[in-house]
Amino acid sequence: MRHLRGLLALTLSTCLAMPALAEGDMGHDFQATLGYGRITANELVYSGAGDERLSHLIWEANTPVATLNARFDLGNAWVLSGQAIFSVNGRADMTDFDWLAPFAKGTSDHQWTDRSRHPDSQLDHYLDLELAAGRDFDLNEATRVNLHGGLKYTWVEWHARGGSYIYSENGFRDARGSFPDGEVGISYKQQRRTVFAGARSFGNKGTGGCRACSGLA
């Protein structure tokens, strides 16, 4: 019996960001940022114990991204913080690679048996919510660090439309064609909940710094 296992890895990189609103005092900070980001998702399907790759879908979108950050001082160095990142209706591109019997001779990138390209795809929704509680610690006069833990929720939905394909029907990569323009061929939606812990350093006179996190889905 064949068992399938799916894996989706999401990355977001912001190419350009501009603070739209910032407010702060001794009790709280709030910041809203508008930017332009690149969202990439790798959707993988394996069989058996997970060492045989059957399918790899690569989703990419370049889209405006809005980010909201809030930080509240609860007293005694305890802090409650939250972040929301979202984007809608972004232009996207998707490529689908498959390694299917009986023509698959291996599972390396160049040995695919079927490939379809969908440059007229769409990122319908991207939402990333994060809520954390932690405590600040002074390392020295110039630096403090916040140790925290919390919950993270991610929701993403894509649609691939139109495009072209190369399939292995009666022989290796013997069939070529295209899909009708605007026709939805592949849709994908994922909602993911994660528990995480992390650390973030700050300058005592500002909010800059670096952050490292680890999470468990």
# chains A, B, ... in the order shown; residues from 1 in each chain; ligands from 1
>>> residues_around(residues="A:Asp174", least_positions_apart="5", cutoff="10 Å", atoms="only C-alpha atoms", output="ChimeraX atom specification")
/A:113-114,166-169
>>> residues_around(residues="stretch 86-100 of chain A", least_positions_apart="4", cutoff="8 Å", atoms="only C-alpha atoms", output="PyMOL selection string")
chain A and resi 53-67+104+106-107+111-128+160
>>> atom_distance(atom1="atom CA of A:Ser164", atom2="atom CA of A:Gly48")
29.9 Å
>>> atom_distance(atom1="atom CA of A:Leu68", atom2="atom CA of A:Tyr153")
14.7 Å
>>> atom_distance(atom1="atom CA of A:Ala101", atom2="atom CA of A:Gly162")
25.3 Å
>>> residues_around(residues="A:Lys152", least_positions_apart="5", cutoff="9 Å", atoms="only C-alpha atoms", output="CSV table (one decimal) with N, CA and C atoms, in the first residue's frame")
chain,number,residue,atom,x,y,z
A,128,ASP,N,-0.3,35.8,8.4
A,128,ASP,CA,0.6,35.2,9.4
A,128,ASP,C,0.4,36.0,10.7
A,129,LEU,N,-0.2,35.3,11.8
A,129,LEU,CA,-0.5,35.9,13.0
A,129,LEU,C,0.5,35.3,14.1
A,130,GLU,N,0.9,36.2,15.0
A,130,GLU,CA,1.8,35.8,16.1
A,130,GLU,C,1.5,36.5,17.4
A,131,LEU,N,1.4,35.7,18.4
A,131,LEU,CA,1.2,36.3,19.8
A,131,LEU,C,2.1,35.7,20.7
A,132,ALA,N,2.9,36.5,21.5
A,132,ALA,CA,3.9,36.0,22.4
A,132,ALA,C,3.9,36.8,23.7
A,192,ARG,N,-1.9,26.5,9.3
A,192,ARG,CA,-0.9,25.9,10.2
A,192,ARG,C,-0.8,26.6,11.5
A,193,ARG,N,-0.8,25.8,12.6
A,193,ARG,CA,-0.7,26.4,13.9
A,193,ARG,C,0.6,25.9,14.5
A,194,THR,N,1.4,26.8,15.1
A,194,THR,CA,2.7,26.5,15.6
A,194,THR,C,2.9,27.1,17.0
A,195,VAL,N,3.6,26.3,17.9
A,195,VAL,CA,4.0,26.8,19.2
A,195,VAL,C,5.5,27.1,19.0
A,196,PHE,N,6.0,28.3,19.5
A,196,PHE,CA,7.4,28.6,19.3
A,196,PHE,C,8.0,29.3,20.5
A,215,GLY,N,10.4,26.6,16.5
A,215,GLY,CA,9.0,26.3,16.7
A,215,GLY,C,8.7,24.8,16.5
>>> select_by_dssp(residues="stretch 3-185 of chain A", states="strand (DSSP E)", output="PyMOL selection string")
chain A and resi 4-24+28-47+52-75+78-98+114-138+143-161+164-167+175-178+184-185
>>> closest_residue(among="A:Pro102, A:Gly82, A:Gly185, A:Gly198", to="A:Asn146", atoms="only C-alpha atoms")
A:Gly198
>>> closest_residue(among="A:Tyr165, A:Asn140, A:Glu52, A:Thr154", to="A:Gln190", atoms="only C-alpha atoms")
A:Thr154
>>> closest_residue(among="A:Arg71, A:Thr40, A:Asp138, A:Val145", to="A:Trp158", atoms="only C-alpha atoms")
A:Thr40
